[in-house]
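Trainee: Dropping a structure here in structure tokens format, bear with me for questions.
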Amino acid sequence: MKSFLHFLLAFTSLFVSFAQEPIQKDSITELDEVILLDSLQSATDNGIIATKIIGTKVFQNYSPVDMVSAINQISGVYILSGALNTNRITIRGVGARTLFGTDKLRLYYNDIPITNGSGFSTIESFDLENLSSVEVIKGPKATNYGANLGGAILLNSKQPTNESTYFRNNFTIGSYSLVKNNLQFSLKENKIALNFHYGFLETDGYRENNKFKREGVLLDLNYQITPKTNIGLLFNHVDYNAQIPSSLGETDFKENPTKAAFTWKSAKGYEDNKYSLAGLTLNHAFSAKLSNTTSIFYSYLDHYEPRPFGILEEYTNGYGFRTKFAGQWATNNSKIDYNFGAELYKDEYQWSEFENLYQDNNGQGSLQGDQFADNKEFRRQFNAFGNLLIPFGKSFSTQIGLNVNKTYYDFRDEFNQGADNKSAERDFDVIILPSLNLNYNFSATKSIYANISRGFSNPTVEETLTPDGVINPDIAQETGVNYEIGSRLLLLDRKLSMNLALYRMDIKNLLVAQRVGEDQYIGKNAGKTQHQGLELDMEYNWDIASKLRVTPFMSYTYNDHSFVTFVDGDNNYSGNPLTGVPKHRLNSGLQAQLNNKFYWYSTHQYVGEIPLTDANELYSDAFNVVNSKVGYKNQLGKKLSMDIAFGINNIFDRNYAQSVLINTTGFGGAEPRYYYPGNDRNYYGSLRLGYSL
């Protein structure tokens, strides 16, 4: 890692003495996002909440398939990815103890909530090429977006540029029989703005039983009814089928990482998903000082997953609304901004399980047998929120925020009868979550902020169940208080951006998933954790000569996360580092552009060792992964543009764990399966053509 940093510094320092002139952009190629690093003025939330916004400038560092690496470039955020369909997002260590999937944060798509009623989010249902930006609010200071302990992630789709109509098509091929195509049509004229995407992705994957195929469409339509009123329609549909190789024990991980877990390979395990999201949004300005945005939405998920220990069939119907008012009070010497609103999400989750008779199916994989479970869950979350942004002079301002949450679960056992029936309800108490933000601007290029906020995380319905399958009324919500200070600096004629954050978050009623069977986990509140750390982002923009721009960047995360009190049965883990979290993470890289036509992007990721057991008896190995991409783009006329790129991932062919499980147990004498291998050295090439009408 040190040699790479030395190389990076040496390379960039060669150009210090050259003249500096800005590089012009052509009219059709993608523009960089407006905000490249942390912003104290969020694009979506009127206030001084510190956020991180990434867009085209970061996305283009990676393959069009690789949303995970783009988001992992954000300090404090780490996605552990077992496969394209197996992702777990952690923010500041929150969510690291979740065994499968992403919870303890809220995910939004064009300001429409896409986190389900039990708190789980599936970012793999969305295509990186359809996004203009990803905004991350770290920690519970996101009062307008649920005040979850992990924070919120806001996905924003691409929008047409002013008065333009164009087609873009990006075609990518690569290792593991990768084929990906994304077709975009955009139109904006008069009162109509339309953006349509069709995407296709297919790959055999690096490992056995690892094929993935996805098709999706996105329609984003907006119509200006009057100068003060706009209505928008969003429709996103994804249909994907993904084989599941599952995790490996240490021996297979080191000696044969392409191998699938034996039982998953024998059952030819996979998941088949059909996911749809529809939303209708109305924006209305009542006056120059008061406006409202209201959305109603519906989502549907059809999930079928043959697993070695049973076949799961799920249907989820979700619906709700979100409304937000934003306004301004004018006083004698200043203006006070405010916003308030509410969000309701309800869903009906129906799931059934059947025996998997793959062992009796002559090597043909999964075969559905008798049903042994049939359940329904009715889940409801309500959030009300509000913020006041009060300036005290030109340099100092404060923002006071409040979120109020009410969660309800209704679990219905439709399989067992009489005394064996496990139906139950859980109605959590109202929880109040305040937030205070302070910001001081020393100048237009130097500022400091501070935050104190309270957040929470709900247990899932399954975590509230006892070993007997009955809802446990003693399971409590996780709650925590976040303390944070940070600074944003623009130095050297605004060429150098530096963003620093120091935080501490104290969490109590820690939810622990205890394994009681091969696919059975129960939850309990086992203690307290302390999350504290440092996050640093830096980027330097050099226009070295009239036709050469070089941009080195880095993001560093230091995690000092530990159990304050954690007693699990006869074991006392108090004081141990938090399981599933690396202490150090570094993302660095370099972007170089010549003549605004040739470009080279190179990235490096370092992830430190991760404790895999609460006793800290086993750690994953630290690793370094380096990727590189070169390309050429040009205008082939007034209407036609071209961009051709070639990339290499994992240049040095490292064997590393791209995701890990914690506290896993081996069954039948087999090794515990902790590791999801990352891909070996692999290649891709892309051709993008754009045509403007």
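Residues are named by chain letter and number: chains run A, B, ... in the order of the structure tokens, numbers start at 1 in each chain, and ligands are numbered from 1 in the order shown.
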Could you write out, as a list in words, all the residues of region 204-451 of chain A that DSSP marks as alpha helix (DSSP H)?

Mentor: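 So, restricting region 204-451 of chain A to alpha helix (DSSP H), we get Glu250, Thr251, Asp252, Phe253, Lys254, Glu255, Phe262, Thr263, Trp264, Lys265, Ser266 and Ala267 of chain A.
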
Trainee: Neighbouring residues of region 689-693 of chain A were defined as those with any atom within 9 Å, considering only C-alpha atoms; residues of the same chain fewer than 4 positions away were excluded. Please report them as a PyMOL selection string.

Mentor: chain A and resi 28-29+164-171+638-644

Trainee: Keeping N, CA, C and O atoms for every residue in the selection just given, could you write it to a file as a PDB file, in the first residue's frame?

Mentor:
ATOM      1  N   ILE A  28     -22.117  16.505 -25.798  1.00  0.00           N
ATOM      2  CA  ILE A  28     -22.932  15.298 -25.664  1.00  0.00           C
ATOM      3  C   ILE A  28     -22.420  14.368 -24.580  1.00  0.00           C
ATOM      4  O   ILE A  28     -23.195  13.690 -23.938  1.00  0.00           O
ATOM      5  N   THR A  29     -21.106  14.357 -24.338  1.00  0.00           N
ATOM      6  CA  THR A  29     -20.582  13.431 -23.340  1.00  0.00           C
ATOM      7  C   THR A  29     -21.091  13.797 -21.955  1.00  0.00           C
ATOM      8  O   THR A  29     -21.497  14.918 -21.698  1.00  0.00           O
ATOM      9  N   SER A 164     -33.378  19.252 -25.068  1.00  0.00           N
ATOM     10  CA  SER A 164     -32.563  18.338 -25.859  1.00  0.00           C
ATOM     11  C   SER A 164     -33.270  17.003 -26.009  1.00  0.00           C
ATOM     12  O   SER A 164     -34.077  16.599 -25.167  1.00  0.00           O
ATOM     13  N   THR A 165     -32.952  16.314 -27.098  1.00  0.00           N
ATOM     14  CA  THR A 165     -33.455  14.963 -27.341  1.00  0.00           C
ATOM     15  C   THR A 165     -32.278  14.131 -27.832  1.00  0.00           C
ATOM     16  O   THR A 165     -31.577  14.522 -28.773  1.00  0.00           O
ATOM     17  N   TYR A 166     -32.042  12.997 -27.180  1.00  0.00           N
ATOM     18  CA  TYR A 166     -30.876  12.208 -27.579  1.00  0.00           C
ATOM     19  C   TYR A 166     -31.042  10.748 -27.184  1.00  0.00           C
ATOM     20  O   TYR A 166     -31.834  10.393 -26.304  1.00  0.00           O
ATOM     21  N   PHE A 167     -30.282   9.902 -27.877  1.00  0.00           N
ATOM     22  CA  PHE A 167     -30.141   8.487 -27.554  1.00  0.00           C
ATOM     23  C   PHE A 167     -28.720   8.261 -27.056  1.00  0.00           C
ATOM     24  O   PHE A 167     -27.763   8.857 -27.570  1.00  0.00           O
ATOM     25  N   ARG A 168     -28.557   7.374 -26.097  1.00  0.00           N
ATOM     26  CA  ARG A 168     -27.241   6.878 -25.715  1.00  0.00           C
ATOM     27  C   ARG A 168     -27.337   5.377 -25.529  1.00  0.00           C
ATOM     28  O   ARG A 168     -28.287   4.875 -24.933  1.00  0.00           O
ATOM     29  N   ASN A 169     -26.341   4.685 -26.025  1.00  0.00           N
ATOM     30  CA  ASN A 169     -26.290   3.241 -25.820  1.00  0.00           C
ATOM     31  C   ASN A 169     -24.883   2.849 -25.397  1.00  0.00           C
ATOM     32  O   ASN A 169     -23.903   3.211 -26.051  1.00  0.00           O
ATOM     33  N   ASN A 170     -24.789   2.142 -24.291  1.00  0.00           N
ATOM     34  CA  ASN A 170     -23.497   1.683 -23.798  1.00  0.00           C
ATOM     35  C   ASN A 170     -23.493   0.154 -23.792  1.00  0.00           C
ATOM     36  O   ASN A 170     -24.314  -0.477 -23.113  1.00  0.00           O
ATOM     37  N   PHE A 171     -22.575  -0.441 -24.542  1.00  0.00           N
ATOM     38  CA  PHE A 171     -22.468  -1.892 -24.677  1.00  0.00           C
ATOM     39  C   PHE A 171     -21.153  -2.344 -24.062  1.00  0.00           C
ATOM     40  O   PHE A 171     -20.089  -1.816 -24.389  1.00  0.00           O
ATOM     41  N   LYS A 638     -21.654  16.966 -35.193  1.00  0.00           N
ATOM     42  CA  LYS A 638     -22.449  17.774 -34.277  1.00  0.00           C
ATOM     43  C   LYS A 638     -23.416  16.934 -33.456  1.00  0.00           C
ATOM     44  O   LYS A 638     -23.782  17.308 -32.349  1.00  0.00           O
ATOM     45  N   LYS A 639     -23.835  15.799 -33.977  1.00  0.00           N
ATOM     46  CA  LYS A 639     -24.881  15.021 -33.312  1.00  0.00           C
ATOM     47  C   LYS A 639     -24.408  13.694 -32.736  1.00  0.00           C
ATOM     48  O   LYS A 639     -25.106  13.099 -31.922  1.00  0.00           O
ATOM     49  N   LEU A 640     -23.258  13.219 -33.150  1.00  0.00           N
ATOM     50  CA  LEU A 640     -22.816  11.879 -32.781  1.00  0.00           C
ATOM     51  C   LEU A 640     -21.561  11.943 -31.907  1.00  0.00           C
ATOM     52  O   LEU A 640     -20.611  12.647 -32.226  1.00  0.00           O
ATOM     53  N   SER A 641     -21.594  11.204 -30.792  1.00  0.00           N
ATOM     54  CA  SER A 641     -20.425  11.106 -29.921  1.00  0.00           C
ATOM     55  C   SER A 641     -20.091   9.642 -29.687  1.00  0.00           C
ATOM     56  O   SER A 641     -20.943   8.758 -29.811  1.00  0.00           O
ATOM     57  N   MET A 642     -18.833   9.398 -29.327  1.00  0.00           N
ATOM     58  CA  MET A 642     -18.365   8.037 -29.094  1.00  0.00           C
ATOM     59  C   MET A 642     -17.467   8.020 -27.866  1.00  0.00           C
ATOM     60  O   MET A 642     -16.708   8.961 -27.613  1.00  0.00           O
ATOM     61  N   ASP A 643     -17.544   6.934 -27.101  1.00  0.00           N
ATOM     62  CA  ASP A 643     -16.661   6.732 -25.954  1.00  0.00           C
ATOM     63  C   ASP A 643     -16.343   5.246 -25.896  1.00  0.00           C
ATOM     64  O   ASP A 643     -17.235   4.413 -25.731  1.00  0.00           O
ATOM     65  N   ILE A 644     -15.068   4.897 -26.061  1.00  0.00           N
ATOM     66  CA  ILE A 644     -14.648   3.505 -26.023  1.00  0.00           C
ATOM     67  C   ILE A 644     -13.657   3.344 -24.875  1.00  0.00           C
ATOM     68  O   ILE A 644     -12.773   4.182 -24.679  1.00  0.00           O
TER      69      ILE A 644
END

Trainee: Could you check which of A:Asn472, A:Gln184, A:Gln532, A:Asn116 is closest to Ala501 (chain A), using only C-alpha atoms?

Mentor: A:Gln532

Trainee: Given only C-alpha atoms as the basis, pick out the residue of A:Phe120, A:Tyr632, A:Tyr338, A:Tyr573 nearest to Tyr601 (chain A).

Mentor: A:Tyr632

Trainee: Using only C-alpha atoms, which protein or nucleic acid residues come within 10 Å of Ala152 (chain A)? Drop anything in the same chain fewer than 2 positions from it, and give the result as a PDB file with N, CA and C atoms, in the first residue's frame.

Mentor:
ATOM      1  N   THR A  51     -23.307  15.691   4.012  1.00  0.00           N
ATOM      2  CA  THR A  51     -23.600  14.557   3.151  1.00  0.00           C
ATOM      3  C   THR A  51     -22.410  14.302   2.238  1.00  0.00           C
ATOM      4  N   ILE A  91     -22.615   1.387   7.343  1.00  0.00           N
ATOM      5  CA  ILE A  91     -22.197   2.784   7.462  1.00  0.00           C
ATOM      6  C   ILE A  91     -21.727   2.999   8.889  1.00  0.00           C
ATOM      7  N   LYS A 104     -30.932  -1.314   8.840  1.00  0.00           N
ATOM      8  CA  LYS A 104     -30.499  -0.235   9.736  1.00  0.00           C
ATOM      9  C   LYS A 104     -30.160   1.062   8.996  1.00  0.00           C
ATOM     10  N   LEU A 105     -30.630   1.198   7.773  1.00  0.00           N
ATOM     11  CA  LEU A 105     -30.552   2.457   7.045  1.00  0.00           C
ATOM     12  C   LEU A 105     -31.784   2.560   6.153  1.00  0.00           C
ATOM     13  N   ARG A 106     -32.012   3.743   5.590  1.00  0.00           N
ATOM     14  CA  ARG A 106     -33.144   3.945   4.689  1.00  0.00           C
ATOM     15  C   ARG A 106     -32.605   4.221   3.291  1.00  0.00           C
ATOM     16  N   LEU A 107     -33.231   3.595   2.300  1.00  0.00           N
ATOM     17  CA  LEU A 107     -32.845   3.758   0.904  1.00  0.00           C
ATOM     18  C   LEU A 107     -34.005   4.409   0.154  1.00  0.00           C
ATOM     19  N   TYR A 108     -33.675   5.429  -0.659  1.00  0.00           N
ATOM     20  CA  TYR A 108     -34.693   6.163  -1.417  1.00  0.00           C
ATOM     21  C   TYR A 108     -34.276   6.223  -2.884  1.00  0.00           C
ATOM     22  N   GLU A 135     -26.362   9.909  -3.035  1.00  0.00           N
ATOM     23  CA  GLU A 135     -26.124  10.786  -1.891  1.00  0.00           C
ATOM     24  C   GLU A 135     -26.215   9.971  -0.612  1.00  0.00           C
ATOM     25  N   VAL A 136     -25.224  10.122   0.254  1.00  0.00           N
ATOM     26  CA  VAL A 136     -25.179   9.367   1.503  1.00  0.00           C
ATOM     27  C   VAL A 136     -25.186  10.335   2.680  1.00  0.00           C
ATOM     28  N   ILE A 137     -26.106  10.125   3.596  1.00  0.00           N
ATOM     29  CA  ILE A 137     -26.141  10.847   4.868  1.00  0.00           C
ATOM     30  C   ILE A 137     -25.758   9.833   5.935  1.00  0.00           C
ATOM     31  N   LYS A 138     -24.607  10.029   6.557  1.00  0.00           N
ATOM     32  CA  LYS A 138     -24.057   9.043   7.485  1.00  0.00           C
ATOM     33  C   LYS A 138     -24.572   9.299   8.897  1.00  0.00           C
ATOM     34  N   GLY A 139     -25.089   8.245   9.507  1.00  0.00           N
ATOM     35  CA  GLY A 139     -25.552   8.367  10.875  1.00  0.00           C
ATOM     36  C   GLY A 139     -26.970   8.892  10.967  1.00  0.00           C
ATOM     37  N   PRO A 140     -27.481   9.049  12.190  1.00  0.00           N
ATOM     38  CA  PRO A 140     -28.909   9.343  12.396  1.00  0.00           C
ATOM     39  C   PRO A 140     -29.299  10.795  12.204  1.00  0.00           C
ATOM     40  N   LYS A 141     -28.393  11.641  11.677  1.00  0.00           N
ATOM     41  CA  LYS A 141     -28.745  13.054  11.512  1.00  0.00           C
ATOM     42  C   LYS A 141     -29.715  13.299  10.366  1.00  0.00           C
ATOM     43  N   ALA A 142     -30.085  12.236   9.615  1.00  0.00           N
ATOM     44  CA  ALA A 142     -31.017  12.384   8.494  1.00  0.00           C
ATOM     45  C   ALA A 142     -32.456  12.356   8.998  1.00  0.00           C
ATOM     46  N   THR A 143     -32.857  13.389   9.714  1.00  0.00           N
ATOM     47  CA  THR A 143     -34.204  13.389  10.300  1.00  0.00           C
ATOM     48  C   THR A 143     -35.299  13.348   9.240  1.00  0.00           C
ATOM     49  N   ASN A 144     -35.037  13.923   8.062  1.00  0.00           N
ATOM     50  CA  ASN A 144     -36.043  13.890   6.995  1.00  0.00           C
ATOM     51  C   ASN A 144     -36.150  12.523   6.340  1.00  0.00           C
ATOM     52  N   TYR A 145     -35.201  11.631   6.655  1.00  0.00           N
ATOM     53  CA  TYR A 145     -35.167  10.326   6.003  1.00  0.00           C
ATOM     54  C   TYR A 145     -35.080   9.190   7.022  1.00  0.00           C
ATOM     55  N   GLY A 146     -35.801   9.308   8.112  1.00  0.00           N
ATOM     56  CA  GLY A 146     -35.987   8.184   9.006  1.00  0.00           C
ATOM     57  C   GLY A 146     -35.125   8.141  10.238  1.00  0.00           C
ATOM     58  N   ALA A 147     -34.020   8.901  10.305  1.00  0.00           N
ATOM     59  CA  ALA A 147     -33.147   8.950  11.481  1.00  0.00           C
ATOM     60  C   ALA A 147     -32.671   7.566  11.909  1.00  0.00           C
ATOM     61  N   ASN A 148     -32.398   6.690  10.935  1.00  0.00           N
ATOM     62  CA  ASN A 148     -31.844   5.375  11.260  1.00  0.00           C
ATOM     63  C   ASN A 148     -30.392   5.516  11.695  1.00  0.00           C
ATOM     64  N   LEU A 149     -29.937   4.574  12.522  1.00  0.00           N
ATOM     65  CA  LEU A 149     -28.570   4.644  13.037  1.00  0.00           C
ATOM     66  C   LEU A 149     -27.540   4.638  11.916  1.00  0.00           C
ATOM     67  N   GLY A 150     -27.808   3.865  10.852  1.00  0.00           N
ATOM     68  CA  GLY A 150     -26.879   3.824   9.733  1.00  0.00           C
ATOM     69  C   GLY A 150     -26.932   5.062   8.863  1.00  0.00           C
ATOM     70  N   LEU A 154     -29.600   8.013  -0.883  1.00  0.00           N
ATOM     71  CA  LEU A 154     -30.564   8.555  -1.831  1.00  0.00           C
ATOM     72  C   LEU A 154     -30.036   8.329  -3.241  1.00  0.00           C
ATOM     73  N   LEU A 155     -30.770   7.536  -4.026  1.00  0.00           N
ATOM     74  CA  LEU A 155     -30.419   7.283  -5.424  1.00  0.00           C
ATOM     75  C   LEU A 155     -31.218   8.235  -6.298  1.00  0.00           C
TER      76      LEU A 155
END

Trainee: If you run DSSP on the backbone here, which positions in region 374-569 of chain A get strand (DSSP E or B)? Please write them as a count of residues only.

Mentor: 147

Trainee: Between CA of Ser175 (chain A) and CA of Val65 (chain A), what is the distance, to one decimal in Å?

Mentor: 11.9 Å

Trainee: Looking at only C-alpha atoms, which of A:Ala70, A:Thr479, A:Ser453, A:Leu221 is the one that sits closest to Val58 (chain A)?

Mentor: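 Checking each candidate against Val58 (chain A), we get A:Ala70 as the closest.
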
Trainee: Looking at A:Ser177, A:Asn72, A:Asn361, A:Thr664, which one is nearest to Tyr684 (chain A), with distances taken over only C-alpha atoms?

Mentor: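 Nearest to Tyr684 (chain A): A:Ser177.
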
Trainee: Which residues are close to Arg412 (chain A), i.e. within 10 Å by only C-alpha atoms, leaving aside same-chain residues fewer than 6 positions away? Reply as number ranges by chain.

Mentor: A: 350, 374-378, 421-425
